[in-house]
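Reproduced below: input_22.cif, with mmCIF, C-alpha atoms.
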```
data_protein
loop_
_atom_site.label_atom_id
_atom_site.label_comp_id
_atom_site.auth_asym_id
_atom_site.auth_seq_id
_atom_site.Cartn_x
_atom_site.Cartn_y
_atom_site.Cartn_z
CA MET E 151 -9.84 -12.21 -45.90
CA LYS E 152 -11.37 -13.58 -49.06
CA ARG E 153 -11.64 -11.08 -51.90
CA VAL E 154 -14.96 -10.40 -53.64
CA PHE E 155 -15.53 -8.49 -56.89
CA SER E 156 -18.90 -7.35 -58.23
CA GLY E 157 -19.86 -5.03 -61.06
CA ILE E 158 -22.94 -3.15 -62.20
CA LYS E 159 -23.39 -2.14 -65.85
CA PRO E 160 -24.74 1.38 -66.54
CA THR E 161 -27.06 0.44 -69.39
CA GLY E 162 -30.26 1.52 -67.65
CA HIS E 163 -31.74 2.72 -64.38
CA LEU E 164 -31.12 0.24 -61.56
CA THR E 165 -34.09 -1.87 -60.55
CA LEU E 166 -35.60 -3.72 -57.64
CA GLY E 167 -34.15 -6.85 -59.25
CA ASN E 168 -30.62 -5.42 -59.10
CA TYR E 169 -31.12 -4.56 -55.42
CA LEU E 170 -32.71 -7.80 -54.20
CA GLY E 171 -30.61 -10.00 -56.44
CA ALA E 172 -27.22 -8.49 -55.66
CA MET E 173 -26.78 -4.99 -54.26
CA ARG E 174 -28.39 -5.57 -50.87
CA ARG E 175 -26.12 -8.53 -50.25
CA TRP E 176 -23.10 -6.44 -51.20
CA SER E 177 -23.79 -3.91 -48.45
CA ALA E 178 -25.23 -6.29 -45.84
CA VAL E 179 -22.75 -9.15 -46.18
CA ASP E 180 -19.88 -8.86 -48.64
CA GLN E 181 -18.33 -5.57 -47.57
CA HIS E 182 -18.24 -6.81 -43.96
CA GLU E 183 -17.00 -10.34 -44.53
CA ALA E 184 -14.54 -9.83 -47.39
CA ASP E 185 -12.01 -7.54 -48.99
CA ALA E 186 -14.66 -6.36 -51.45
CA LEU E 187 -14.50 -4.34 -54.65
CA PHE E 188 -17.60 -2.90 -56.32
CA CYS E 189 -17.28 -1.47 -59.79
CA VAL E 190 -19.40 0.46 -62.28
CA VAL E 191 -18.41 -1.49 -65.41
CA ASP E 192 -18.89 1.33 -67.90
CA LEU E 193 -16.74 -0.27 -70.62
CA HIS E 194 -19.33 -3.04 -70.87
CA ALA E 195 -21.99 -0.45 -71.72
CA LEU E 196 -20.19 0.27 -75.01
CA THR E 197 -20.93 -3.15 -76.53
CA VAL E 198 -24.25 -1.91 -77.93
CA ASP E 199 -25.45 1.28 -79.59
CA HIS E 200 -25.45 3.98 -76.92
CA ASP E 201 -25.63 7.68 -76.24
CA PRO E 202 -22.33 8.86 -74.67
CA GLY E 203 -24.03 11.43 -72.44
CA ARG E 204 -26.51 8.86 -71.16
CA VAL E 205 -23.73 6.40 -70.33
CA ARG E 206 -21.99 9.09 -68.27
CA ARG E 207 -25.22 10.01 -66.47
CA LEU E 208 -26.10 6.40 -65.73
CA SER E 209 -22.54 5.67 -64.57
CA ARG E 210 -22.72 8.53 -62.08
CA GLN E 211 -26.18 7.46 -60.96
CA ALA E 212 -25.09 3.84 -60.51
CA ALA E 213 -22.09 4.87 -58.42
CA THR E 214 -24.29 7.11 -56.27
CA LEU E 215 -26.82 4.31 -55.77
CA LEU E 216 -24.08 1.88 -54.77
CA LEU E 217 -23.26 4.25 -51.93
CA ALA E 218 -26.94 4.92 -51.20
CA THR E 219 -27.66 1.22 -50.75
CA GLY E 220 -25.10 1.07 -47.97
CA LEU E 221 -21.64 0.52 -49.41
CA ASP E 222 -19.10 2.22 -47.15
CA PRO E 223 -15.79 3.28 -48.77
CA ARG E 224 -14.14 2.73 -45.38
CA LEU E 225 -15.04 -0.96 -45.66
CA CYS E 226 -14.83 -1.62 -49.41
CA THR E 227 -13.51 -0.24 -52.70
CA VAL E 228 -15.99 1.54 -54.99
CA PHE E 229 -14.75 2.69 -58.40
CA VAL E 230 -15.43 3.03 -62.12
CA GLN E 231 -13.95 0.42 -64.45
CA SER E 232 -12.61 2.80 -67.10
CA HIS E 233 -10.66 4.70 -64.44
CA VAL E 234 -8.37 1.66 -63.95
CA ASP E 235 -6.35 0.85 -67.10
CA GLU E 236 -5.47 -2.64 -65.88
CA HIS E 237 -8.90 -3.93 -66.93
CA ALA E 238 -8.27 -3.18 -70.61
CA ARG E 239 -4.60 -4.23 -70.39
CA LEU E 240 -5.47 -7.66 -69.05
CA SER E 241 -8.46 -8.15 -71.34
CA TYR E 242 -6.29 -8.42 -74.45
CA LEU E 243 -4.00 -10.99 -72.84
CA LEU E 244 -7.03 -13.12 -71.96
CA GLU E 245 -8.33 -12.81 -75.52
CA CYS E 246 -5.10 -14.55 -76.46
CA VAL E 247 -6.04 -17.44 -74.17
CA ALA E 248 -9.81 -17.75 -74.73
CA THR E 249 -11.19 -19.30 -77.92
CA ASP E 250 -13.66 -18.16 -80.55
CA GLY E 251 -15.85 -21.18 -79.81
CA GLU E 252 -16.10 -20.27 -76.13
CA MET E 253 -17.18 -16.74 -76.98
CA ARG E 254 -19.83 -17.82 -79.44
CA ARG E 255 -21.36 -20.24 -76.93
CA MET E 256 -22.18 -17.42 -74.52
CA ILE E 257 -25.98 -17.31 -74.23
CA GLN E 258 -26.30 -13.52 -74.21
CA TYR E 259 -24.19 -13.20 -77.36
CA LYS E 260 -26.14 -15.91 -79.16
CA GLU E 261 -29.49 -14.32 -78.33
CA LYS E 262 -28.51 -10.75 -79.19
CA ALA E 263 -26.63 -11.72 -82.34
CA ALA E 264 -29.58 -13.78 -83.59
CA ALA E 265 -32.01 -10.92 -82.93
CA GLU E 266 -29.78 -8.46 -84.76
CA ARG E 267 -29.34 -10.82 -87.74
CA ALA E 268 -33.11 -11.16 -87.96
CA ARG E 269 -33.25 -7.38 -88.43
CA GLY E 270 -30.61 -7.55 -91.14
CA GLY E 271 -27.83 -6.11 -88.99
CA SER E 272 -24.75 -7.25 -87.11
CA VAL E 273 -23.63 -6.84 -83.51
CA ARG E 274 -20.44 -5.12 -82.42
CA LEU E 275 -17.30 -7.23 -82.05
CA SER E 276 -17.09 -6.10 -78.42
CA LEU E 277 -20.34 -7.94 -77.68
CA LEU E 278 -18.59 -11.16 -78.65
CA THR E 279 -15.46 -10.47 -76.62
CA TYR E 280 -16.85 -8.70 -73.56
CA PRO E 281 -16.98 -11.90 -71.45
CA VAL E 282 -13.18 -11.82 -71.62
CA LEU E 283 -13.21 -8.24 -70.33
CA MET E 284 -15.47 -9.46 -67.53
CA ALA E 285 -12.91 -12.18 -66.80
CA ALA E 286 -10.20 -9.49 -66.66
CA ASP E 287 -12.34 -7.48 -64.23
CA ILE E 288 -12.40 -10.45 -61.89
CA LEU E 289 -8.92 -11.94 -62.33
CA ALA E 290 -7.00 -8.66 -62.06
CA TYR E 291 -7.77 -8.52 -58.34
CA GLY E 292 -7.12 -12.10 -57.26
CA THR E 293 -10.85 -12.46 -56.64
CA ASP E 294 -11.94 -15.47 -54.56
CA GLU E 295 -15.73 -15.12 -54.92
CA VAL E 296 -18.06 -13.47 -57.44
CA PRO E 297 -21.66 -12.98 -56.19
CA VAL E 298 -23.85 -12.92 -59.32
CA GLY E 299 -27.36 -13.58 -60.56
CA ASP E 300 -28.20 -16.80 -62.38
CA ASP E 301 -27.79 -15.19 -65.80
CA GLN E 302 -24.12 -14.40 -65.18
CA THR E 303 -23.04 -17.85 -63.99
CA GLN E 304 -21.87 -18.86 -67.48
CA HIS E 305 -19.53 -15.87 -67.63
CA VAL E 306 -17.93 -16.71 -64.30
CA GLU E 307 -17.43 -20.30 -65.46
CA LEU E 308 -15.63 -18.91 -68.52
CA THR E 309 -13.47 -16.83 -66.18
CA ARG E 310 -12.54 -19.96 -64.25
CA ASP E 311 -11.67 -21.84 -67.44
CA VAL E 312 -9.50 -19.01 -68.76
CA ALA E 313 -7.69 -18.66 -65.43
CA VAL E 314 -6.93 -22.38 -65.25
CA ARG E 315 -5.71 -22.40 -68.87
CA PHE E 316 -3.46 -19.36 -68.36
CA ASN E 317 -1.99 -20.83 -65.18
CA SER E 318 -1.37 -24.16 -66.91
CA ARG E 319 0.36 -22.67 -69.93
CA TYR E 320 2.30 -19.78 -68.43
CA GLY E 321 2.66 -20.48 -64.72
CA ARG E 322 0.38 -19.81 -61.77
CA THR E 323 -0.71 -16.17 -62.06
CA PHE E 324 -4.43 -16.00 -61.27
CA VAL E 325 -6.70 -17.09 -58.45
CA VAL E 326 -9.53 -19.29 -59.80
CA PRO E 327 -12.72 -17.66 -58.46
CA ARG E 328 -15.92 -19.24 -57.14
CA THR E 329 -19.49 -18.19 -57.94
CA THR E 330 -21.94 -17.41 -55.12
CA HIS E 331 -25.71 -16.77 -55.33
CA PRO E 332 -28.15 -15.04 -52.98
CA GLU E 333 -30.59 -17.48 -51.38
CA VAL E 334 -33.82 -15.59 -52.10
CA ALA E 335 -34.97 -13.48 -55.06
CA ALA E 336 -31.78 -14.05 -57.02
CA ARG E 337 -33.80 -13.33 -60.12
CA VAL E 338 -36.72 -10.95 -59.78
CA MET E 339 -39.04 -11.21 -62.77
CA ASN E 340 -40.84 -8.58 -64.82
CA LEU E 341 -44.22 -7.76 -63.26
CA GLN E 342 -45.95 -7.81 -66.64
CA ASP E 343 -44.06 -10.84 -67.99
CA PRO E 344 -43.10 -13.04 -65.03
CA THR E 345 -41.24 -15.45 -67.30
CA SER E 346 -38.65 -12.73 -68.10
CA LYS E 347 -36.12 -11.10 -65.79
CA MET E 348 -36.76 -7.58 -64.51
CA GLY E 349 -33.95 -5.95 -66.46
CA LYS E 350 -32.63 -2.39 -66.21
CA SER E 351 -32.24 -2.26 -70.01
CA ASP E 352 -35.97 -2.77 -70.52
CA ASP E 353 -38.10 0.06 -71.84
CA VAL E 354 -39.74 2.10 -69.11
CA GLY E 355 -43.00 0.36 -68.34
CA PRO E 356 -45.26 -1.09 -65.68
CA GLY E 357 -43.30 -4.31 -65.39
CA VAL E 358 -40.12 -2.79 -63.95
CA VAL E 359 -39.72 -1.19 -60.52
CA TYR E 360 -36.77 1.19 -60.49
CA LEU E 361 -34.89 2.05 -57.30
CA LEU E 362 -35.73 5.72 -57.75
CA ASP E 363 -39.43 5.25 -58.56
CA GLU E 364 -41.77 7.38 -56.47
CA PRO E 365 -43.79 5.38 -53.88
CA GLU E 366 -47.06 5.82 -55.79
CA ALA E 367 -45.42 4.57 -58.98
CA VAL E 368 -44.17 1.50 -57.10
CA ARG E 369 -47.62 0.78 -55.71
CA LYS E 370 -49.28 1.20 -59.08
CA LYS E 371 -46.86 -1.15 -60.83
CA ILE E 372 -47.19 -3.90 -58.23
CA MET E 373 -50.98 -3.62 -57.96
CA ARG E 374 -51.16 -4.04 -61.75
CA ALA E 375 -48.78 -7.01 -61.80
CA VAL E 376 -49.82 -9.96 -63.94
CA THR E 377 -50.90 -12.95 -61.85
CA ASP E 378 -52.18 -16.35 -62.99
CA SER E 379 -55.39 -18.16 -63.78
CA GLY E 380 -57.27 -19.31 -60.71
CA ASN E 381 -57.39 -17.60 -57.33
CA GLU E 382 -55.28 -19.79 -55.08
CA VAL E 383 -52.06 -18.20 -53.77
CA VAL E 384 -49.42 -20.87 -54.39
CA HIS E 385 -45.65 -20.66 -54.77
CA ASP E 386 -44.93 -22.60 -57.97
CA ARG E 387 -42.59 -20.93 -60.48
CA GLU E 388 -43.59 -23.23 -63.32
CA ALA E 389 -47.37 -23.30 -62.94
CA ARG E 390 -47.88 -19.91 -61.22
CA PRO E 391 -45.01 -17.61 -62.29
CA GLY E 392 -46.88 -14.36 -61.61
CA VAL E 393 -47.95 -15.00 -58.04
CA SER E 394 -44.66 -16.79 -57.31
CA ASN E 395 -42.76 -13.68 -58.36
CA LEU E 396 -44.80 -11.55 -55.93
CA LEU E 397 -44.27 -14.05 -53.11
CA GLU E 398 -40.52 -14.08 -53.70
CA ILE E 399 -40.33 -10.29 -53.77
CA LEU E 400 -42.29 -10.07 -50.52
CA ALA E 401 -40.15 -12.78 -48.94
CA ALA E 402 -36.97 -11.00 -49.98
CA CYS E 403 -38.21 -7.70 -48.56
CA GLU E 404 -39.28 -9.12 -45.23
CA GLY E 405 -36.85 -11.99 -44.78
CA GLY E 406 -39.55 -14.65 -45.02
CA ASN E 407 -40.07 -17.82 -47.02
CA PRO E 408 -42.20 -17.74 -50.20
CA ASN E 409 -43.85 -21.08 -49.44
CA ASP E 410 -44.77 -20.02 -45.91
CA LEU E 411 -46.13 -16.68 -47.13
CA ALA E 412 -48.34 -18.43 -49.68
CA GLY E 413 -50.36 -19.90 -46.84
CA VAL E 414 -50.99 -16.47 -45.33
CA TYR E 415 -52.91 -15.01 -48.30
CA GLU E 416 -56.31 -15.95 -49.67
CA THR E 417 -56.45 -13.41 -52.50
CA TYR E 418 -54.05 -11.94 -55.04
CA GLY E 419 -55.19 -8.45 -54.10
CA SER E 420 -54.07 -8.69 -50.49
CA LEU E 421 -50.74 -10.19 -51.57
CA LYS E 422 -50.18 -7.35 -54.04
CA LYS E 423 -51.02 -4.70 -51.45
CA ASP E 424 -48.61 -6.09 -48.86
CA THR E 425 -45.89 -6.60 -51.47
CA ALA E 426 -46.27 -3.02 -52.70
CA GLU E 427 -45.96 -1.59 -49.18
CA ALA E 428 -42.99 -3.81 -48.40
CA VAL E 429 -41.16 -2.59 -51.51
CA VAL E 430 -41.96 1.06 -50.78
CA GLU E 431 -40.53 0.73 -47.26
CA LEU E 432 -37.50 -1.18 -48.54
CA LEU E 433 -36.63 1.58 -51.02
CA ARG E 434 -37.40 4.54 -48.74
CA PRO E 435 -33.97 4.78 -47.01
CA VAL E 436 -32.14 4.13 -50.28
CA GLN E 437 -33.96 6.99 -51.98
CA GLN E 438 -33.37 9.33 -49.05
CA ARG E 439 -29.64 8.59 -48.99
CA HIS E 440 -29.46 8.99 -52.78
CA LYS E 441 -31.00 12.44 -52.46
CA GLU E 442 -28.40 13.41 -49.85
CA LEU E 443 -25.52 12.17 -52.00
CA CYS E 444 -26.79 14.02 -55.08
CA ALA E 445 -26.59 17.20 -53.03
CA ASP E 446 -22.88 16.50 -52.38
CA PRO E 447 -21.37 15.45 -55.75
CA ALA E 448 -17.84 16.28 -54.57
CA TYR E 449 -18.09 13.49 -52.00
CA VAL E 450 -19.10 10.91 -54.62
CA GLU E 451 -16.33 12.05 -56.97
CA GLY E 452 -13.82 11.76 -54.15
CA VAL E 453 -14.94 8.23 -53.31
CA LEU E 454 -14.57 7.17 -56.95
CA ARG E 455 -11.15 8.82 -57.32
CA GLU E 456 -9.79 7.19 -54.16
CA GLY E 457 -11.42 3.89 -55.08
CA ALA E 458 -9.73 3.89 -58.50
CA GLU E 459 -6.35 4.60 -56.93
CA LYS E 460 -6.78 1.76 -54.48
CA ALA E 461 -8.02 -0.64 -57.19
CA ARG E 462 -5.10 0.28 -59.46
CA GLU E 463 -2.61 -0.51 -56.70
CA MET E 464 -4.22 -3.91 -56.19
CA ALA E 465 -4.48 -4.84 -59.88
CA ARG E 466 -1.22 -3.60 -61.34
CA PRO E 467 1.21 -6.14 -59.80
CA ARG E 468 -0.87 -9.09 -60.97
CA VAL E 469 -1.45 -7.69 -64.46
CA ASP E 470 2.26 -6.89 -64.78
CA ALA E 471 3.01 -10.47 -63.73
CA ALA E 472 0.64 -11.74 -66.42
CA TYR E 473 2.46 -9.65 -69.04
CA ARG E 474 5.78 -11.20 -68.00
CA ALA E 475 4.36 -14.71 -67.82
CA ILE E 476 2.87 -14.64 -71.31
CA GLY E 477 6.18 -13.51 -72.84
CA LEU E 478 6.14 -9.71 -73.10
CA LEU E 479 9.20 -7.59 -72.37
CA SER E 480 9.18 -5.49 -69.23
CA ALA E 481 8.82 -1.78 -69.82
CA GLY E 482 11.60 -0.95 -67.40
#
```

Please render this file's structure as structure tokens.
Amino acid sequence: MKRVFSGIKPTGHLTLGNYLGAMRRWSAVDQHEADALFCVVDLHALTVDHDPGRVRRLSRQAATLLLATGLDPRLCTVFVQSHVDEHARLSYLLECVATDGEMRRMIQYKEKAAAERARGGSVRLSLLTYPVLMAADILAYGTDEVPVGDDQTQHVELTRDVAVRFNSRYGRTFVVPRTTHPEVAARVMNLQDPTSKMGKSDDVGPGVVYLLDEPEAVRKKIMRAVTDSGNEVVHDREARPGVSNLLEILAACEGGNPNDLAGVYETYGSLKKDTAEAVVELLRPVQQRHKELCADPAYVEGVLREGAEKAREMARPRVDAAYRAIGLLSAG
């Protein structure tokens, strides 16, 4: 079976965008068709200023939601990144293969570093190097495919480049992974700013639907979504980003096509109402299962402990091989 690796960063409450763009595919497709690993990448949450207690809470919540959205530990491996030392061990080796220029070309680093400089500050070094840690996350497991949103494609391309370079210099050690993308709603946009992604790190506000939002909160946010000038319901991301976002959300919820759905609606109001109800029904079973799992924390902890043990067994031989290949003495 092909091997798939995916991670979720605990920097905020998980959103509808996380679910439609990635998590639903993980449970519906990847865990059934691949040897799949799903990881809460908590080390990545340390690249910016953070509250330690909040990172722990969000890590636990993210792991619980992974299970609530349908991941089955009998079919896949669910674990927390920091529980498997091989991620950090391999990351340094890959830093010795990647280049400063590659790191500084990463779009997320450039944007965040520029914003921080404008405020008279400086970003953490880990923000520059974390794409290498992401590469280690993927390469440690011999990953064949990485299902990601559009904004992470550049990081997977870096992973491919680093793997090829390591293999060329030190002997074939790593599988060179492929990137895959969901077909619909790969990038759900903010309801109040449909030109920006619906991100979990955003401030709490009407533009972001969180997986644990109450139904009335979901309805209110979608009914207040920004649309576009004019009244015609058309799917056109460039000219009509607001209404196009709603059409894509509705299509993703119901398995339809945004262009076909555009012809069904004559008003923005009716589109918003149907989209709101579709999202509420989509999230209902996830929220119910999350509630059940929160009532049984020992189960979640057991899944994560067993997942880490399984992940460690998979990663260690390859990481040890990388240590030997690059020229380090064996420990014994």

Exercise. List the residues matched by the PyMOL selection byres ((chain E and resi 161) around 6) in the displayed structure as a list in words, ordered by chain and then by residue number.
Key: Lys159, Pro160, Gly162, Ala195 and Ser351 of chain E

Exercise. Name the closest residue to Pro356 of chain E among the candidates E:Leu283, E:Leu187, E:Met373, E:Leu289; distances are taken between atoms, counting all atoms listed in the file.
Key: E:Met373

Quiz item: For this file, the PyMOL selection byres ((chain E and resi 452) around 12) selects which residues, as a PyMOL selection string?
Solution: chain E and resi 213-214+223+228-230+443+446-451+453-459

Go ahead and write the selection's residues with C-alpha atoms as an mmCIF file, keeping the file's coordinate frame.
```
data_model
loop_
_atom_site.group_PDB
_atom_site.id
_atom_site.type_symbol
_atom_site.label_atom_id
_atom_site.label_comp_id
_atom_site.auth_asym_id
_atom_site.auth_seq_id
_atom_site.Cartn_x
_atom_site.Cartn_y
_atom_site.Cartn_z
ATOM 1 C CA ALA E 213 -22.090 4.870 -58.420
ATOM 2 C CA THR E 214 -24.290 7.110 -56.270
ATOM 3 C CA PRO E 223 -15.790 3.280 -48.770
ATOM 4 C CA VAL E 228 -15.990 1.540 -54.990
ATOM 5 C CA PHE E 229 -14.750 2.690 -58.400
ATOM 6 C CA VAL E 230 -15.430 3.030 -62.120
ATOM 7 C CA LEU E 443 -25.520 12.170 -52.000
ATOM 8 C CA ASP E 446 -22.880 16.500 -52.380
ATOM 9 C CA PRO E 447 -21.370 15.450 -55.750
ATOM 10 C CA ALA E 448 -17.840 16.280 -54.570
ATOM 11 C CA TYR E 449 -18.090 13.490 -52.000
ATOM 12 C CA VAL E 450 -19.100 10.910 -54.620
ATOM 13 C CA GLU E 451 -16.330 12.050 -56.970
ATOM 14 C CA VAL E 453 -14.940 8.230 -53.310
ATOM 15 C CA LEU E 454 -14.570 7.170 -56.950
ATOM 16 C CA ARG E 455 -11.150 8.820 -57.320
ATOM 17 C CA GLU E 456 -9.790 7.190 -54.160
ATOM 18 C CA GLY E 457 -11.420 3.890 -55.080
ATOM 19 C CA ALA E 458 -9.730 3.890 -58.500
ATOM 20 C CA GLU E 459 -6.350 4.600 -56.930
#
```

Practice problem: Step by step, work through what the PyMOL selection byres ((chain E and resi 212) around 8) selects in the shown file, and finish by giving those residues as a list in words. | Solution: Ile158, Pro160, His163, Leu164, Val190, Leu208, Ser209, Arg210, Gln211, Ala213, Thr214, Leu215 and Leu216 of chain E

Using only C-alpha atoms, please write the residues we just selected to a file, as a tab-separated table (two decimals), in the frame of the given file.
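The resulting file, selection-v9.tsv, is shown below:
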```tsv
chain	number	residue	atom	x	y	z
E	158	ILE	CA	-22.94	-3.15	-62.20
E	160	PRO	CA	-24.74	1.38	-66.54
E	163	HIS	CA	-31.74	2.72	-64.38
E	164	LEU	CA	-31.12	0.24	-61.56
E	190	VAL	CA	-19.40	0.46	-62.28
E	208	LEU	CA	-26.10	6.40	-65.73
E	209	SER	CA	-22.54	5.67	-64.57
E	210	ARG	CA	-22.72	8.53	-62.08
E	211	GLN	CA	-26.18	7.46	-60.96
E	213	ALA	CA	-22.09	4.87	-58.42
E	214	THR	CA	-24.29	7.11	-56.27
E	215	LEU	CA	-26.82	4.31	-55.77
E	216	LEU	CA	-24.08	1.88	-54.77
```

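For Pro327 of chain E, the residues within 7 Å (counting all atoms listed in the file, excluding itself and residues fewer than 3 positions away along the chain) are Thr293, Asp294, Glu295, Val296 and Arg310 of chain E.
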
Practice problem: Report the distance between atom CA of Arg175 of chain E and atom CA of His440 of chain E in Å, rounded to one decimal place. | Solution: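 Straight-line distance from atom CA of Arg175 of chain E to atom CA of His440 of chain E works out to 18.0 Å.
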
Quiz item: Within 9 Å of (-5.9, 3.6, -62.3), in the coordinates the file gives, what residues turn up when you count all atoms listed in the file, written out as a PyMOL selection string?
Solution: chain E and resi 231-236+455+458-463+465-466

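Among E:His305, E:His182, E:Arg337, E:Arg207, the residue with the shortest atom-to-atom distance to Arg254 of chain E, counting all atoms listed in the file, is E:His305.
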
Exercise. Determine the nearest neighbour of Leu432 of chain E from the options E:Met151, E:Leu277, E:Ala238, E:Arg174, counting all atoms listed in the file.
Key: E:Arg174

Enclose all atoms of segment 178-182 of chain E listed in the file in an axis-aligned box, grow every side by 3 Å, and hand back centre and edge lengths in Å to one decimal, as JSON.
```
{"center_x": -21.7, "center_y": -7.4, "center_z": -46.3, "size_x": 13.0, "size_y": 9.6, "size_z": 10.7}
```
